[in-house]
>>> print(open('entry.txt').read())   # compact mmCIF, C-alpha atoms
# COMPACT_ATOMS: atom_id res chain seq x y z
CA MET A 1 83.23 -242.87 -91.10
CA VAL A 2 84.54 -245.65 -88.99
CA LYS A 3 88.04 -244.35 -89.30
CA LEU A 4 86.89 -240.91 -88.18
CA ARG A 5 85.09 -242.35 -85.20
CA VAL A 6 88.12 -244.39 -84.28
CA GLU A 7 90.32 -241.34 -84.37
CA GLU A 8 87.86 -239.35 -82.27
CA PHE A 9 87.66 -242.21 -79.81
CA GLN A 10 91.42 -242.39 -79.62
CA LYS A 11 91.66 -238.65 -79.03
CA LEU A 12 88.97 -238.80 -76.36
CA HIS A 13 90.68 -241.75 -74.75
CA PHE A 14 94.02 -239.96 -74.85
CA ASN A 15 92.51 -236.81 -73.25
CA ARG A 16 90.81 -238.93 -70.61
CA LEU A 17 94.15 -240.60 -69.87
CA ILE A 18 95.84 -237.22 -69.52
CA GLN A 19 93.10 -235.93 -67.22
CA ALA A 20 93.26 -239.12 -65.16
CA GLU A 21 97.05 -238.78 -64.86
CA GLU A 22 96.72 -235.18 -63.75
CA ALA A 23 93.99 -236.12 -61.30
CA ARG A 24 96.13 -239.00 -60.04
CA GLU A 25 99.02 -236.61 -59.26
CA ARG A 26 96.68 -234.24 -57.41
CA GLU A 27 95.16 -237.11 -55.49
CA ASN A 28 98.63 -238.45 -54.68
CA ARG A 29 99.75 -235.08 -53.36
CA ALA A 30 96.52 -234.75 -51.33
CA ALA A 31 96.95 -238.28 -49.97
CA VAL A 32 100.56 -237.51 -49.04
CA ARG A 33 99.48 -234.31 -47.29
CA ILE A 34 96.73 -236.11 -45.41
CA GLN A 35 99.10 -238.92 -44.41
CA SER A 36 101.78 -236.46 -43.25
CA TRP A 37 99.25 -234.51 -41.19
CA PHE A 38 97.87 -237.67 -39.64
CA ARG A 39 101.32 -239.07 -38.93
CA GLY A 40 102.32 -235.72 -37.39
CA CYS A 41 99.30 -235.82 -35.14
CA VAL A 42 100.12 -239.36 -34.11
CA GLU A 43 103.80 -238.54 -33.43
CA ARG A 44 102.92 -235.42 -31.47
CA ALA A 45 100.42 -237.35 -29.39
CA TYR A 46 103.03 -240.06 -28.80
CA LEU A 47 105.69 -237.48 -27.85
CA SER A 48 103.23 -235.79 -25.48
CA HIS A 49 102.50 -239.17 -23.94
CA LEU A 50 106.23 -239.87 -23.57
CA HIS A 51 106.80 -236.41 -22.05
CA ASP A 52 104.04 -236.93 -19.49
CA ASN A 53 105.42 -240.34 -18.57
CA ALA A 54 108.96 -238.91 -18.31
CA VAL A 55 107.70 -236.17 -16.01
CA ILE A 56 105.99 -238.76 -13.81
CA ILE A 57 109.13 -240.92 -13.71
CA GLN A 58 111.33 -237.89 -12.87
CA THR A 59 108.93 -236.81 -10.13
CA ILE A 60 108.92 -240.25 -8.57
CA TRP A 61 112.72 -240.57 -8.79
CA ARG A 62 113.40 -237.11 -7.40
CA GLY A 63 111.03 -237.73 -4.51
CA PHE A 64 112.69 -241.08 -3.80
CA SER A 65 116.21 -239.62 -3.94
CA ALA A 66 115.23 -236.59 -1.79
CA ARG A 67 113.66 -238.86 0.83
CA ALA A 68 116.73 -241.09 0.81
CA ARG A 69 119.05 -238.07 1.19
CA TYR A 70 116.87 -236.69 3.98
CA ARG A 71 116.97 -240.05 5.79
CA GLN A 72 120.76 -240.05 5.47
CA MET A 73 120.99 -236.49 6.82
CA VAL A 74 118.74 -237.46 9.75
CA LYS A 75 120.96 -240.47 10.48
CA VAL A 76 124.11 -238.32 10.44
CA ALA A 77 122.54 -235.63 12.65
CA TYR A 78 121.27 -238.25 15.10
CA PHE A 79 124.70 -239.91 15.19
CA ASP A 80 126.41 -236.54 15.82
CA MET A 81 123.90 -235.72 18.55
CA ARG A 82 124.50 -239.07 20.26
CA MET A 83 128.27 -238.70 19.98
CA ASN A 84 128.13 -235.19 21.45
CA PHE A 85 125.97 -236.47 24.29
CA TYR A 86 128.36 -239.38 24.95
CA ASN A 87 131.37 -237.02 24.84
CA GLU A 88 129.73 -234.63 27.29
CA MET A 89 128.86 -237.48 29.65
CA ALA A 90 132.40 -238.86 29.36
CA VAL A 91 133.86 -235.42 30.15
CA ARG A 92 131.64 -235.15 33.23
CA ILE A 93 132.67 -238.60 34.44
CA GLN A 94 136.35 -237.85 33.83
CA LYS A 95 136.04 -234.52 35.66
CA ARG A 96 134.41 -236.14 38.69
CA TRP A 97 136.95 -238.97 38.78
CA ARG A 98 139.97 -236.70 38.38
CA GLY A 99 138.66 -234.38 41.08
CA PHE A 100 138.14 -237.31 43.46
CA LEU A 101 141.59 -238.74 42.64
CA ALA A 102 143.31 -235.36 43.12
CA ARG A 103 141.52 -234.66 46.41
CA LYS A 104 142.18 -238.16 47.80
CA TYR A 105 145.73 -239.04 46.66
CA ILE A 106 147.48 -235.92 45.26
CA HIS A 107 146.78 -233.13 47.76
CA ASN A 108 144.36 -232.38 50.55
CA PHE A 109 142.10 -229.45 49.89
CA TYR A 110 141.73 -228.43 53.52
CA GLU A 111 145.48 -228.58 54.16
CA ARG A 112 146.10 -226.42 51.09
CA LYS A 113 143.42 -223.99 52.27
CA SER A 114 144.96 -223.70 55.78
CA TYR A 115 148.42 -223.24 54.22
CA LEU A 116 147.20 -220.42 51.99
CA GLU A 117 145.45 -218.75 54.93
CA GLY A 118 148.70 -218.89 56.93
CA VAL A 119 150.64 -217.44 54.00
CA SER A 120 148.13 -214.61 53.65
CA MET A 121 148.29 -213.89 57.40
CA THR A 122 152.11 -213.82 57.25
CA ASN A 123 152.13 -211.59 54.19
CA ASN A 124 149.75 -208.99 55.62
CA PRO A 125 152.36 -207.36 57.96
CA VAL A 126 154.95 -207.49 55.17
CA ARG A 127 152.55 -205.78 52.81
CA ARG A 128 151.77 -203.09 55.36
CA ALA A 129 155.51 -202.52 55.94
CA ILE A 130 156.12 -202.32 52.18
CA ASP A 131 153.23 -199.86 51.78
CA GLU A 132 154.59 -197.68 54.60
CA LEU A 133 158.10 -197.80 53.10
CA ASP A 134 156.68 -196.88 49.70
CA LYS A 135 154.80 -193.93 51.22
CA LEU A 136 157.97 -192.81 53.05
CA LEU A 137 160.05 -193.02 49.86
CA LYS A 138 157.37 -191.14 47.99
CA ARG A 139 157.38 -188.37 50.62
CA GLN A 140 161.19 -188.22 50.40
CA ARG A 141 161.06 -187.96 46.63
CA ASP A 142 158.44 -185.23 46.84
CA CYS A 143 160.55 -183.40 49.41
CA LEU A 144 163.65 -183.66 47.21
CA GLU A 145 161.70 -182.42 44.22
CA ARG A 146 160.40 -179.46 46.23
CA VAL A 147 163.94 -178.70 47.45
CA LYS A 148 165.28 -178.87 43.90
CA GLU A 149 162.48 -176.66 42.68
CA GLN A 150 163.10 -174.18 45.47
CA ALA A 151 166.85 -174.17 44.72
CA ALA A 152 166.14 -173.59 41.03
CA LYS A 153 163.81 -170.70 41.92
CA MET A 154 166.51 -169.30 44.24
CA ARG A 155 169.14 -169.46 41.49
CA GLN A 156 166.71 -167.78 39.12
CA ALA A 157 166.12 -165.11 41.77
CA GLN A 158 169.89 -164.56 42.13
CA ARG A 159 170.29 -164.23 38.37
CA SER A 160 167.31 -161.84 38.24
CA HIS A 161 168.42 -159.81 41.28
CA HIS A 162 168.74 -156.72 39.13
CA LEU A 163 164.94 -156.77 38.72
CA LEU A 164 164.43 -156.24 42.48
CA SER A 165 162.31 -153.31 43.59
CA THR A 166 163.99 -150.19 45.02
CA LEU A 167 162.71 -147.30 47.04
CA GLN A 168 162.41 -145.12 43.95
CA ARG A 169 160.98 -147.64 41.44
CA PRO A 170 159.05 -150.91 41.84
CA GLY A 171 160.49 -153.98 40.18
CA VAL A 172 159.07 -156.16 37.42
CA PHE A 173 157.58 -158.65 39.87
CA ASN A 174 156.22 -155.99 42.24
CA SER A 175 153.54 -154.28 40.24
CA PRO A 176 151.63 -151.57 42.12
CA LEU A 177 148.42 -153.17 40.80
CA ARG A 178 149.06 -156.30 42.83
CA GLU A 179 147.72 -156.66 46.33
CA ALA A 180 150.82 -158.60 47.42
CA PRO A 181 154.30 -158.97 45.90
CA HIS A 182 155.00 -161.84 43.55
CA GLU A 183 156.75 -164.97 44.79
CA MET A 184 159.82 -164.14 42.71
CA GLU A 185 159.97 -160.71 44.34
CA LEU A 186 160.09 -162.31 47.80
CA LEU A 187 162.77 -164.76 46.67
CA MET A 188 164.89 -161.95 45.23
CA ARG A 189 164.65 -160.12 48.56
CA GLN A 190 165.94 -163.23 50.35
CA ALA A 191 168.62 -164.07 47.80
CA LYS A 192 172.01 -162.43 47.80
CA SER A 193 173.15 -160.59 44.74
CA PRO A 194 175.92 -162.45 42.89
CA VAL A 195 179.43 -161.06 43.45
CA PRO A 196 180.75 -159.70 40.17
CA THR A 197 184.03 -161.31 39.08
CA ARG A 198 186.69 -159.27 37.34
CA PRO A 199 187.71 -160.71 33.98
CA ALA A 200 191.39 -161.62 33.54
CA SER A 201 193.51 -158.93 31.86
CA ARG A 202 194.57 -159.66 28.32
CA ALA A 203 198.13 -159.12 27.25
CA LYS A 204 198.61 -156.25 24.86
CA VAL A 205 199.76 -157.34 21.42
CA GLY A 206 202.01 -155.09 19.33
CA PHE A 207 202.66 -154.92 15.67
CA LEU A 208 202.69 -158.27 13.82
CA GLY A 209 201.48 -160.12 16.91
CA ALA A 210 204.62 -159.37 19.09
CA PRO A 211 203.90 -158.64 22.79
CA THR A 212 204.60 -155.12 23.99
CA PRO A 213 207.44 -154.48 26.54
CA THR A 214 204.95 -153.60 29.25
CA ALA A 215 203.14 -156.88 28.76
CA SER A 216 206.39 -158.89 28.90
CA ARG A 217 207.56 -156.96 31.96
CA GLY A 218 204.30 -157.60 33.72
CA ARG A 219 204.61 -161.29 32.88
CA ARG A 220 208.17 -161.40 34.34
CA THR A 221 207.09 -159.72 37.55
CA HIS A 222 204.23 -162.19 37.89
CA CYS A 223 206.60 -165.11 37.44
CA CYS A 224 209.00 -163.67 40.00
CA SER A 225 206.23 -163.12 42.52
CA THR A 226 205.15 -166.70 42.09
CA HIS A 227 208.67 -167.98 42.62
>>> encode(input="entry.txt", output="structure tokens")
Amino acid sequence: MVKLRVEEFQKLHFNRLIQAEEARERENRAAVRIQSWFRGCVERAYLSHLHDNAVIIQTIWRGFSARARYRQMVKVAYFDMRMNFYNEMAVRIQKRWRGFLARKYIHNFYERKSYLEGVSMTNNPVRRAIDELDKLLKRQRDCLERVKEQAAKMRQAQRSHHLLSTLQRPGVFNSPLREAPHEMELLMRQAKSPVPTRPASRAKVGFLGAPTPTASRGRRTHCCSTH
């Protein structure tokens, strides 16, 4: 009996140990999960705190750097404005001084003005004479051009004298539909008909290019008459 009870107690103790070991593993895993969750919450809160602080630091630094850059830009702009003002004032002073120096020691303004007025008064008659000469030359050129044009029209009228009107038939330039004759018709009436010139007689050539006896005799008589 005692042995049986001891064996049952051992078995019960062994089962209790196994259950406790299994429960210990579950509790360990649960504790690990709880610890990981808690540590995650703590780390996330710490990271959020660090991020907020970093944002504040960045904001302060960016504001400080922007204000410093703006102050530097203002200093540069103010310096440029002052330098431009000083340069403009210096240019004005130099201009006044150079004008005074030139008027006092280099040349007299009133003497130069009187000299230029005298030059302009002297040049006025010369300009009028040059203008009159230019007009005269222009009239001469126009007259020569009209003469040349009239001569060309007269030569054309002489060459076209065969187109002159006759008593039986009107010419090309004297249409019966016109109220007055054409200008070319009047020029052809004034122009003289060209005298026809007789072309020089050609020597008669015989067989194989030899001159005929009549041609050679005529040539000898011509030579004798010239001698």
>>> atom_distance(input="entry.txt", atom1="atom CA of Asn108 of chain A", atom2="atom CA of Gln94 of chain A")
19.3 Å
>>> atom_distance(input="entry.txt", atom1="atom CA of Glu183 of chain A", atom2="atom CA of Leu136 of chain A")
29.1 Å
>>> atom_distance(input="entry.txt", atom1="atom CA of Lys3 of chain A", atom2="atom CA of Arg16 of chain A")
19.7 Å
>>> residues_around(input="entry.txt", residues="segment 140-151 of chain A", least_positions_apart="4", cutoff="12 Å", atoms="only C-alpha atoms", output="short mmCIF file (atom, residue, chain, number, x, y, z; two decimals) with C-alpha atoms, in the coordinates of the input")
data_model
loop_
_atom_site.label_atom_id
_atom_site.label_comp_id
_atom_site.auth_asym_id
_atom_site.auth_seq_id
_atom_site.Cartn_x
_atom_site.Cartn_y
_atom_site.Cartn_z
CA LEU A 133 158.10 -197.80 53.10
CA ASP A 134 156.68 -196.88 49.70
CA LYS A 135 154.80 -193.93 51.22
CA LEU A 136 157.97 -192.81 53.05
CA ARG A 155 169.14 -169.46 41.49
CA GLN A 156 166.71 -167.78 39.12
CA ALA A 157 166.12 -165.11 41.77
CA GLN A 158 169.89 -164.56 42.13
CA GLU A 183 156.75 -164.97 44.79
CA MET A 184 159.82 -164.14 42.71
CA LEU A 187 162.77 -164.76 46.67
CA ALA A 191 168.62 -164.07 47.80
#
>>> closest_atom_pairs(input="entry.txt", of="segment 49-113 of chain A", to="segment 29-45 of chain A", cutoff="10 Å", atoms="all atoms listed in the file", output="JSON lines")
{"residue": "A:His49", "atom": "CA", "partner": "A:Ala45", "partner_atom": "CA", "distance": 6.1}
{"residue": "A:Leu50", "atom": "CA", "partner": "A:Ala45", "partner_atom": "CA", "distance": 8.6}
{"residue": "A:His51", "atom": "CA", "partner": "A:Ala45", "partner_atom": "CA", "distance": 9.8}
